[in-house]
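Source file: input-v4.cif (mmCIF, C-alpha atoms)
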```
data_start
#
loop_
_atom_site.label_atom_id
_atom_site.label_comp_id
_atom_site.auth_asym_id
_atom_site.auth_seq_id
_atom_site.Cartn_x
_atom_site.Cartn_y
_atom_site.Cartn_z
CA MET Y 1 14.98 -14.10 30.70
CA THR Y 2 17.73 -12.20 28.88
CA GLN Y 3 21.41 -11.65 29.45
CA THR Y 4 20.57 -8.19 30.80
CA ALA Y 5 18.75 -9.43 33.90
CA PRO Y 6 21.85 -9.79 36.13
CA LEU Y 7 23.02 -6.32 35.12
CA VAL Y 8 19.62 -4.83 35.89
CA ALA Y 9 19.64 -6.39 39.36
CA ALA Y 10 23.22 -5.35 40.04
CA ALA Y 11 22.56 -1.74 39.07
CA GLY Y 12 20.17 -1.31 41.99
CA PHE Y 13 16.96 -0.57 40.08
CA SER Y 14 13.57 -0.89 41.76
CA PRO Y 15 11.39 -3.97 41.05
CA GLU Y 16 9.19 -1.94 38.70
CA GLN Y 17 12.23 -0.64 36.84
CA ARG Y 18 13.73 -4.13 36.66
CA ARG Y 19 10.54 -5.54 35.15
CA ALA Y 20 10.30 -2.79 32.53
CA LEU Y 21 13.99 -3.09 31.63
CA THR Y 22 13.62 -6.87 31.28
CA VAL Y 23 10.66 -6.46 28.91
CA LEU Y 24 12.62 -3.90 26.91
CA GLY Y 25 15.53 -6.33 26.86
CA ILE Y 26 13.44 -9.16 25.41
CA SER Y 27 12.04 -6.92 22.68
CA GLN Y 28 15.52 -5.60 21.92
CA THR Y 29 16.93 -9.11 21.57
CA LEU Y 30 14.25 -9.93 19.00
CA GLY Y 31 14.71 -6.60 17.23
CA GLY Y 32 18.48 -7.10 17.10
CA ALA Y 33 18.01 -10.24 15.01
CA GLY Y 34 15.81 -8.30 12.62
CA MET Y 35 18.17 -5.34 12.38
CA ALA Y 36 21.08 -7.58 11.41
CA ALA Y 37 19.32 -8.57 8.17
CA GLY Y 38 19.80 -5.18 6.56
CA ILE Y 39 23.41 -4.94 7.67
CA THR Y 40 24.36 -8.39 6.44
CA VAL Y 41 22.68 -8.75 3.04
CA GLY Y 42 21.08 -5.40 2.17
CA ALA Y 43 24.01 -4.21 0.07
CA LEU Y 44 24.41 -7.64 -1.55
CA LEU Y 45 20.73 -7.72 -2.52
CA ALA Y 46 21.00 -4.33 -4.18
CA GLN Y 47 24.21 -5.26 -5.96
CA ASP Y 48 22.55 -8.41 -7.30
CA LEU Y 49 19.33 -6.71 -8.38
CA LEU Y 50 20.78 -3.45 -9.69
CA GLY Y 51 24.00 -4.92 -11.08
CA SER Y 52 26.24 -2.10 -9.84
CA THR Y 53 28.80 -1.85 -7.04
CA GLY Y 54 28.43 1.92 -7.12
CA LEU Y 55 24.78 1.52 -6.09
CA ALA Y 56 25.48 -1.08 -3.40
CA GLY Y 57 25.31 1.67 -0.77
CA LEU Y 58 21.76 2.53 -1.79
CA PRO Y 59 20.06 0.12 0.66
CA ALA Y 60 21.91 1.65 3.62
CA ALA Y 61 21.03 5.11 2.34
CA LEU Y 62 17.37 4.18 2.01
CA TYR Y 63 16.89 2.42 5.31
CA THR Y 64 18.77 5.12 7.17
CA ALA Y 65 16.73 7.79 5.37
CA GLY Y 66 13.66 5.84 6.42
CA ALA Y 67 15.04 5.82 9.94
CA ALA Y 68 15.11 9.62 9.84
CA PHE Y 69 11.40 9.74 9.15
CA GLY Y 70 10.78 6.99 11.68
CA ALA Y 71 12.75 8.78 14.39
CA ALA Y 72 10.83 12.01 13.89
CA GLY Y 73 7.45 10.33 13.74
CA LEU Y 74 8.01 7.85 16.55
CA GLY Y 75 9.52 10.59 18.73
CA ARG Y 76 6.32 12.58 18.39
CA VAL Y 77 4.17 9.50 19.00
CA GLY Y 78 6.18 8.81 22.13
CA GLN Y 79 5.78 12.38 23.37
CA ARG Y 80 2.04 12.38 22.73
CA PHE Y 81 1.02 8.80 23.56
CA GLY Y 82 3.92 7.29 25.52
CA ARG Y 83 6.91 5.06 24.84
CA ARG Y 84 5.03 1.76 24.65
CA PRO Y 85 2.83 2.53 21.62
CA ALA Y 86 5.71 4.28 19.87
CA LEU Y 87 8.12 1.36 20.26
CA ALA Y 88 5.49 -1.25 19.38
CA LEU Y 89 4.47 0.70 16.28
CA GLY Y 90 8.10 0.95 15.18
CA ASN Y 91 8.61 -2.80 15.41
CA GLY Y 92 5.44 -3.39 13.42
CA ILE Y 93 6.63 -1.05 10.68
CA ALA Y 94 9.98 -2.88 10.56
CA ALA Y 95 8.17 -6.20 10.13
CA LEU Y 96 6.14 -4.77 7.25
CA GLY Y 97 9.28 -3.48 5.57
CA SER Y 98 11.08 -6.81 5.99
CA ALA Y 99 8.22 -8.65 4.31
CA GLY Y 100 8.28 -6.10 1.50
CA VAL Y 101 12.01 -6.68 0.92
CA VAL Y 102 11.35 -10.40 0.50
CA ALA Y 103 8.55 -9.70 -1.97
CA GLY Y 104 10.63 -7.18 -3.94
CA ALA Y 105 13.59 -9.55 -4.25
CA ALA Y 106 11.37 -12.51 -5.14
CA THR Y 107 9.66 -10.59 -7.95
CA ARG Y 108 12.92 -8.82 -8.92
CA TRP Y 109 11.07 -5.52 -8.80
CA PRO Y 110 13.61 -2.88 -7.79
CA VAL Y 111 11.02 -0.24 -6.93
CA LEU Y 112 9.31 -2.50 -4.41
CA LEU Y 113 12.63 -3.64 -2.94
CA LEU Y 114 13.93 -0.10 -2.46
CA THR Y 115 10.61 1.19 -1.09
CA ALA Y 116 10.49 -1.70 1.38
CA LEU Y 117 14.03 -0.95 2.53
CA PHE Y 118 12.90 2.60 3.31
CA VAL Y 119 9.94 1.29 5.35
CA TYR Y 120 12.21 -1.26 7.05
CA GLY Y 121 14.55 1.55 8.08
CA ALA Y 122 11.69 3.60 9.48
CA GLY Y 123 10.96 0.75 11.86
CA THR Y 124 14.48 -0.38 12.74
CA VAL Y 125 15.21 2.97 14.37
CA THR Y 126 13.09 1.64 17.24
CA GLY Y 127 16.09 -0.34 18.49
CA LEU Y 128 18.02 2.84 19.16
CA LEU Y 129 15.04 4.87 20.41
CA ALA Y 130 14.52 2.22 23.08
CA ARG Y 131 17.70 3.39 24.84
CA TYR Y 132 15.85 6.56 25.79
CA ALA Y 133 13.11 4.45 27.37
CA GLY Y 134 15.80 2.84 29.52
CA ALA Y 135 17.06 6.26 30.58
CA ASP Y 136 13.49 7.31 31.45
CA LEU Y 137 13.43 4.61 34.11
CA ALA Y 138 16.58 5.72 35.94
CA PRO Y 139 17.66 8.62 38.15
CA PRO Y 140 20.14 11.03 36.49
CA GLU Y 141 23.20 9.36 38.01
CA ARG Y 142 22.24 5.98 36.48
CA ARG Y 143 20.88 7.01 33.09
CA GLY Y 144 23.99 5.91 31.23
CA ARG Y 145 23.88 2.43 32.73
CA ALA Y 146 20.16 2.08 32.04
CA ALA Y 147 20.51 3.13 28.41
CA GLY Y 148 23.51 0.83 28.08
CA THR Y 149 21.58 -2.10 29.52
CA VAL Y 150 18.82 -1.68 26.94
CA LEU Y 151 21.33 -1.47 24.09
CA LEU Y 152 23.16 -4.54 25.38
CA ALA Y 153 20.01 -6.57 24.95
CA MET Y 154 20.28 -6.14 21.18
CA THR Y 155 23.60 -7.99 21.24
CA LEU Y 156 22.27 -11.54 21.34
CA GLY Y 157 19.90 -11.12 18.42
CA ALA Y 158 22.27 -8.91 16.45
CA VAL Y 159 25.14 -11.39 16.77
CA VAL Y 160 23.07 -14.51 16.14
CA GLY Y 161 21.24 -12.96 13.17
CA PRO Y 162 24.15 -12.69 10.71
CA ASN Y 163 25.28 -16.21 11.57
CA LEU Y 164 21.87 -17.49 10.47
CA THR Y 165 22.48 -16.20 6.94
CA GLY Y 166 23.23 -19.74 5.75
CA PRO Y 167 20.30 -21.55 7.41
CA THR Y 168 17.76 -18.85 6.59
CA GLY Y 169 19.09 -18.79 3.03
CA ASP Y 170 18.49 -22.54 2.82
CA LEU Y 171 14.93 -22.02 4.05
CA ALA Y 172 14.31 -19.27 1.51
CA ASP Y 173 15.68 -21.51 -1.26
CA THR Y 174 13.38 -24.32 -0.15
CA TRP Y 175 10.44 -21.93 -0.50
CA GLY Y 176 11.54 -20.85 -3.96
CA LEU Y 177 12.84 -17.46 -2.82
CA PRO Y 178 16.28 -15.90 -3.43
CA ARG Y 179 18.76 -17.10 -0.81
CA LEU Y 180 19.65 -13.55 0.23
CA THR Y 181 16.07 -12.97 1.40
CA GLY Y 182 16.51 -15.50 4.22
CA PRO Y 183 17.65 -12.95 6.85
CA PHE Y 184 14.64 -10.76 6.01
CA LEU Y 185 12.29 -13.71 6.58
CA LEU Y 186 13.81 -13.97 10.06
CA ALA Y 187 13.47 -10.20 10.51
CA THR Y 188 9.74 -10.30 9.71
CA VAL Y 189 9.05 -12.88 12.42
CA ALA Y 190 11.40 -11.25 14.95
CA TYR Y 191 9.90 -7.78 14.64
CA VAL Y 192 6.32 -9.05 14.92
CA ALA Y 193 7.30 -10.87 18.12
CA ALA Y 194 9.05 -7.78 19.50
CA ALA Y 195 5.96 -5.65 18.92
CA LEU Y 196 3.74 -8.16 20.71
CA VAL Y 197 6.09 -8.33 23.70
CA LEU Y 198 5.92 -4.54 24.13
CA VAL Y 199 2.16 -4.29 23.69
CA VAL Y 200 1.42 -7.04 26.20
CA TRP Y 201 4.08 -6.59 28.90
CA LEU Y 202 5.57 -3.07 28.90
CA ARG Y 203 3.38 -1.68 31.68
CA PRO Y 204 3.44 0.92 33.13
CA ASP Y 205 4.79 3.06 30.33
CA PRO Y 206 8.38 4.31 30.95
CA LEU Y 207 7.36 7.76 29.72
CA PRO Y 208 3.64 8.50 30.21
CA PRO Y 209 1.92 10.64 27.56
CA ALA Y 210 2.66 14.35 27.84
CA PRO Y 211 -0.27 16.54 28.88
CA PRO Y 212 -1.67 18.80 26.15
CA ARG Y 213 0.02 22.20 25.90
CA ALA Y 214 -2.07 24.91 27.52
CA PRO Y 215 -3.35 27.60 25.12
CA GLY Y 216 -0.87 30.45 24.95
CA ALA Y 217 1.84 28.52 26.78
CA ALA Y 218 5.36 29.56 25.89
CA ARG Y 219 7.41 27.20 23.78
CA SER Y 220 10.98 26.26 24.58
CA GLY Y 221 13.63 28.55 23.13
CA ARG Y 222 16.90 27.57 21.53
CA PRO Y 223 18.18 24.05 22.27
CA ALA Y 224 20.61 23.80 25.17
CA PRO Y 225 24.29 23.46 24.16
CA GLY Y 226 24.34 19.91 25.50
CA VAL Y 227 21.58 18.91 23.08
CA ILE Y 228 23.50 20.25 20.08
CA THR Y 229 26.81 18.77 21.21
CA GLY Y 230 25.36 15.34 21.96
CA ALA Y 231 23.51 15.25 18.64
CA THR Y 232 26.64 16.28 16.68
CA VAL Y 233 28.70 13.52 18.28
CA MET Y 234 26.09 10.87 17.43
CA ILE Y 235 25.60 12.18 13.90
CA THR Y 236 29.31 12.07 13.07
CA ALA Y 237 29.81 8.60 14.53
CA GLN Y 238 26.83 7.27 12.60
CA LEU Y 239 28.11 8.64 9.30
CA VAL Y 240 31.54 7.09 9.84
CA MET Y 241 30.24 3.73 11.02
CA ILE Y 242 27.63 3.30 8.27
CA ALA Y 243 30.07 4.26 5.53
CA VAL Y 244 32.64 1.62 6.48
CA MET Y 245 30.23 -1.09 7.61
CA THR Y 246 28.09 -0.92 4.47
CA MET Y 247 30.97 -1.50 2.08
CA THR Y 248 32.76 -4.18 4.09
CA PRO Y 249 30.51 -7.05 2.87
CA VAL Y 250 30.92 -5.82 -0.72
CA HIS Y 251 34.70 -5.52 -0.27
CA MET Y 252 34.90 -9.04 1.12
CA ALA Y 253 32.63 -10.53 -1.54
CA ASP Y 254 34.71 -8.89 -4.28
CA HIS Y 255 37.79 -10.68 -2.90
CA GLY Y 256 36.21 -14.13 -2.84
CA HIS Y 257 35.08 -14.46 0.78
CA THR Y 258 32.06 -16.65 1.46
CA ALA Y 259 28.73 -15.49 2.85
CA GLN Y 260 29.61 -17.26 6.11
CA ALA Y 261 32.85 -15.29 6.43
CA VAL Y 262 31.01 -12.03 5.74
CA GLY Y 263 28.37 -13.00 8.29
CA LEU Y 264 31.02 -13.70 10.92
CA VAL Y 265 32.74 -10.34 10.45
CA ILE Y 266 29.46 -8.45 10.56
CA ALA Y 267 28.32 -10.45 13.60
CA LEU Y 268 31.49 -9.45 15.46
CA HIS Y 269 31.00 -5.85 14.38
CA VAL Y 270 27.39 -5.72 15.53
CA GLY Y 271 28.37 -7.40 18.80
CA ALA Y 272 30.96 -4.66 19.35
CA MET Y 273 28.30 -2.05 18.62
CA PHE Y 274 26.25 -3.19 21.61
CA LEU Y 275 28.25 -5.49 23.90
CA PRO Y 276 30.30 -2.64 25.48
CA SER Y 277 27.12 -0.68 26.25
CA PRO Y 278 27.10 -1.24 30.03
CA LEU Y 279 30.74 -0.15 30.27
CA SER Y 280 30.20 2.89 28.04
CA GLY Y 281 27.12 3.81 30.05
CA LEU Y 282 28.96 3.40 33.34
CA LEU Y 283 31.80 5.60 32.08
CA ALA Y 284 29.29 8.22 30.95
CA ASP Y 285 27.82 8.24 34.48
CA ARG Y 286 31.23 8.35 36.18
CA ILE Y 287 33.39 10.63 34.01
CA GLY Y 288 30.80 12.33 31.82
CA GLY Y 289 29.46 11.80 28.34
CA ARG Y 290 31.83 14.37 26.84
CA ARG Y 291 34.99 12.49 27.78
CA VAL Y 292 33.55 9.19 26.58
CA ALA Y 293 32.60 10.78 23.27
CA ALA Y 294 36.02 12.38 22.86
CA ALA Y 295 37.74 9.01 23.33
CA ALA Y 296 35.44 7.52 20.69
CA GLY Y 297 37.11 9.66 18.03
CA ALA Y 298 40.47 7.95 18.58
CA VAL Y 299 38.89 4.48 18.54
CA LEU Y 300 37.10 5.20 15.25
CA LEU Y 301 40.33 6.48 13.71
CA SER Y 302 42.06 3.23 14.70
CA ALA Y 303 39.25 1.27 13.08
CA GLY Y 304 39.50 3.21 9.83
CA LEU Y 305 43.27 2.87 9.59
CA LEU Y 306 43.22 -0.86 10.32
CA ALA Y 307 40.46 -1.48 7.76
CA SER Y 308 42.40 0.57 5.22
CA LEU Y 309 45.69 -1.27 5.75
CA ALA Y 310 44.34 -4.81 6.25
CA PRO Y 311 45.08 -7.20 3.34
CA PRO Y 312 41.77 -8.05 1.60
CA ALA Y 313 42.43 -11.76 2.18
CA SER Y 314 42.76 -11.36 5.96
CA VAL Y 315 39.45 -12.04 7.65
CA PRO Y 316 40.97 -11.68 11.18
CA LEU Y 317 42.31 -8.17 10.50
CA LEU Y 318 39.07 -7.03 8.85
CA ALA Y 319 37.17 -8.46 11.80
CA CYS Y 320 39.39 -6.55 14.26
CA ALA Y 321 38.82 -3.33 12.32
CA LEU Y 322 35.06 -3.82 12.37
CA VAL Y 323 35.13 -4.61 16.10
CA LEU Y 324 36.92 -1.31 16.74
CA LEU Y 325 34.42 0.45 14.49
CA GLY Y 326 31.52 -0.92 16.52
CA ALA Y 327 33.11 -0.11 19.87
CA GLY Y 328 33.91 3.47 18.84
CA TRP Y 329 30.37 3.97 17.61
CA ASN Y 330 29.02 2.62 20.90
CA MET Y 331 31.11 5.05 22.94
CA ALA Y 332 30.00 7.99 20.80
CA LEU Y 333 26.36 6.94 20.93
CA LEU Y 334 26.16 6.57 24.70
CA GLY Y 335 28.32 9.61 25.36
CA GLY Y 336 26.11 11.67 23.08
CA THR Y 337 22.95 10.18 24.55
CA ALA Y 338 24.05 11.15 28.06
CA MET Y 339 24.73 14.74 27.02
CA LEU Y 340 21.46 15.08 25.14
CA THR Y 341 19.25 13.46 27.78
CA ASP Y 342 20.70 15.55 30.58
CA ALA Y 343 20.18 18.76 28.61
CA ALA Y 344 16.74 18.14 27.05
CA PRO Y 345 13.76 19.60 28.98
CA ALA Y 346 11.40 17.00 30.42
CA GLU Y 347 8.28 18.49 28.80
CA ASN Y 348 9.49 17.70 25.27
CA ARG Y 349 12.32 15.27 25.84
CA ALA Y 350 10.97 12.48 23.63
CA ALA Y 351 10.44 14.85 20.70
CA VAL Y 352 13.93 16.34 21.08
CA GLN Y 353 15.46 12.86 21.26
CA GLY Y 354 13.56 11.85 18.15
CA LEU Y 355 14.82 14.89 16.26
CA ALA Y 356 18.41 14.14 17.31
CA ASP Y 357 18.01 10.65 15.91
CA VAL Y 358 16.63 12.17 12.71
CA GLY Y 359 19.98 13.87 12.25
CA THR Y 360 21.75 10.62 13.06
CA SER Y 361 19.70 8.76 10.48
CA VAL Y 362 20.26 11.40 7.81
CA ALA Y 363 23.99 11.11 8.46
CA GLY Y 364 23.72 7.36 8.07
CA ALA Y 365 21.86 7.77 4.79
CA THR Y 366 24.58 10.14 3.57
CA GLY Y 367 27.31 7.75 4.64
CA GLY Y 368 25.58 4.80 3.00
CA MET Y 369 25.14 6.55 -0.34
CA ALA Y 370 28.57 8.20 -0.37
CA SER Y 371 30.30 4.97 0.62
CA GLY Y 372 29.42 3.24 -2.64
CA LEU Y 373 30.56 6.21 -4.69
CA VAL Y 374 33.84 6.60 -2.79
CA MET Y 375 34.56 2.89 -2.98
CA GLY Y 376 33.74 2.84 -6.68
CA GLY Y 377 36.12 5.73 -7.29
CA GLY Y 378 38.95 5.23 -4.79
CA GLY Y 379 38.51 1.78 -3.31
CA TYR Y 380 37.79 0.45 0.16
CA PRO Y 381 41.12 1.56 1.73
CA VAL Y 382 40.47 5.20 0.80
CA LEU Y 383 36.94 5.02 2.17
CA ALA Y 384 38.03 3.50 5.50
CA ALA Y 385 40.95 5.89 6.07
CA ALA Y 386 38.87 8.97 5.23
CA ALA Y 387 36.09 7.88 7.57
CA GLY Y 388 38.51 7.39 10.47
CA ALA Y 389 40.15 10.77 9.89
CA LEU Y 390 36.74 12.47 9.88
CA ALA Y 391 35.87 10.90 13.24
CA LEU Y 392 39.07 12.11 14.89
CA ALA Y 393 38.74 15.59 13.41
CA VAL Y 394 35.14 16.17 14.50
CA ILE Y 395 34.08 14.12 17.53
CA PRO Y 396 36.75 15.04 20.15
CA ALA Y 397 36.75 18.69 19.05
CA VAL Y 398 32.96 19.02 19.34
CA ALA Y 399 32.71 17.14 22.61
CA MET Y 400 35.43 19.08 24.42
CA SER Y 401 34.42 22.46 23.01
CA GLY Y 402 30.96 21.76 24.39
CA SER Y 403 32.45 21.23 27.84
CA ARG Y 404 34.03 24.67 27.70
CA SER Y 405 30.78 26.33 26.64
CA THR Y 406 28.59 24.91 29.41
#
```

Rewrite the coordinates I just gave you, this time as structure tokens.
Amino acid sequence: MTQTAPLVAAAGFSPEQRRALTVLGISQTLGGAGMAAGITVGALLAQDLLGSTGLAGLPAALYTAGAAFGAAGLGRVGQRFGRRPALALGNGIAALGSAGVVAGAATRWPVLLLTALFVYGAGTVTGLLARYAGADLAPPERRGRAAGTVLLAMTLGAVVGPNLTGPTGDLADTWGLPRLTGPFLLATVAYVAAALVLVVWLRPDPLPPAPPRAPGAARSGRPAPGVITGATVMITAQLVMIAVMTMTPVHMADHGHTAQAVGLVIALHVGAMFLPSPLSGLLADRIGGRRVAAAAGAVLLSAGLLASLAPPASVPLLACALVLLGAGWNMALLGGTAMLTDAAPAENRAAVQGLADVGTSVAGATGGMASGLVMGGGGYPVLAAAAGALALAVIPAVAMSGSRST
């Protein structure tokens, strides 16, 4: 039913686990198409409506800030009521936000557009939270592969989505809407379908509701070092990736590239964000999340340097840089996820995972907002090189220092 089915079978999961992972895969494929809308045209919509390149990073800042609230809230819903209602609710929120973006752009009402982007972000975090549901279904030695399998399922929708910018733009134009709202029309339908798939077919729940805390029961103390280390790795990678990715469409548009060329580069980038997931997950299981995360720092540096040095007219070199950016982010995400999941206590794992993704989303919001300001002041090459240097300075150092402290 999805491209993940052979991988699920090959990984040796039980029939119940295979069914749940397949359902998660279908919902992730649909959600991936919806997520790609914000990446592909969010910055261009803001630039068009607000008339400022310096504010083009605002959509990424808003939907990643929304993701912070969504991660916290959906993490608590998952802990209290189970993964299925939390993931279905998140997809429904993303659909509502997507529809609001279309309405805000159609009426040229900036307040509605920006508010809807925040709501959209609160729902799109569901795509990343679903990786934890995959890990719930697997024994410790296979958690990386299970989380990677769920993330892989986003690849089809996330790669196809940006390449539908032209056709969905034509549809929006036919309906009297701005062409740039086309991807958000697709996102609205895709997220509604993803929510329905989860509500109807994700049974039994990968993480049943947690029992109520007994009166007077002791709360957990300080987070384990692995939780802090894993969260720091993911936070840094998210900041770097969002900063460069957000400004790449603006950089390309400023140098005369077509919407189709921008869509192709972003499609390749998003594919690289998720396509290596099974390999990254397997490496996390075999050699440990810390080593995978440490290697991610070097990959992200390579991406930043290539993006910085690539001639603006060269679509192939920009595409290669964005592919490296996505692959490095993927390695950091799954390496950090493995560290965090192994260290988080079972009784509040979903809440801890949600809080870690809050930090990741806040970092993304910071990167999205700062990216426009840095690009406005120093240009795209400065932004890309600085982001790569930050990744190399922080991620390997944090990951390997964590290995010495545990």

**Report entry** Distance query region 140-150 of chain Y at most 6 Å, all atoms listed in the file, self and fewer than 6 positions along chain excluded, as number ranges by chain
**Finding:** Y: 25, 131, 134, 277-278, 281-282, 284-285

Point to revise | Test item: residues at most 12 Å from Thr248 (chain Y), all atoms listed in the file, excluding those fewer than 5 positions along its chain, as an NGL selection string | key: :Y and (39-44 or 56-57 or 241-243 or 253-255 or 257 or 261-266 or 269 or 304 or 307-308 or 310 or 312 or 315 or 318-319 or 321-322 or 325 or 368 or 371-372 or 375 or 379-381 or 383-384)

- Using only C-alpha atoms, which of the listed residues (Y:Leu268, Y:Leu283, Y:Leu21, Y:Ala397) sits closest to Asn163 (chain Y)?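 Looking only at the distances to Asn163 (chain Y), the closest residue turns out to be Y:Leu268.
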
At what distance in Å, to one decimal, does CA of Ala356 (chain Y) lie from CA of Arg290 (chain Y)?
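Distance between the two atoms: 16.5 Å.
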
Residue among Y:Val250, Y:Ala303, Y:Val292, Y:Ala399 lying closest to Thr229 (chain Y), counting only C-alpha atoms
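Ranked by minimum distance to Thr229 (chain Y), first place goes to Y:Ala399.
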
Of Y:Val159, Y:Ala313, Y:Leu151, Y:Ala259, the one nearest to Ser280 (chain Y) when counting only C-alpha atoms is Y:Leu151

Computed gap from CA of Leu164 (chain Y) to CA of Arg179 (chain Y) is 11.7 Å
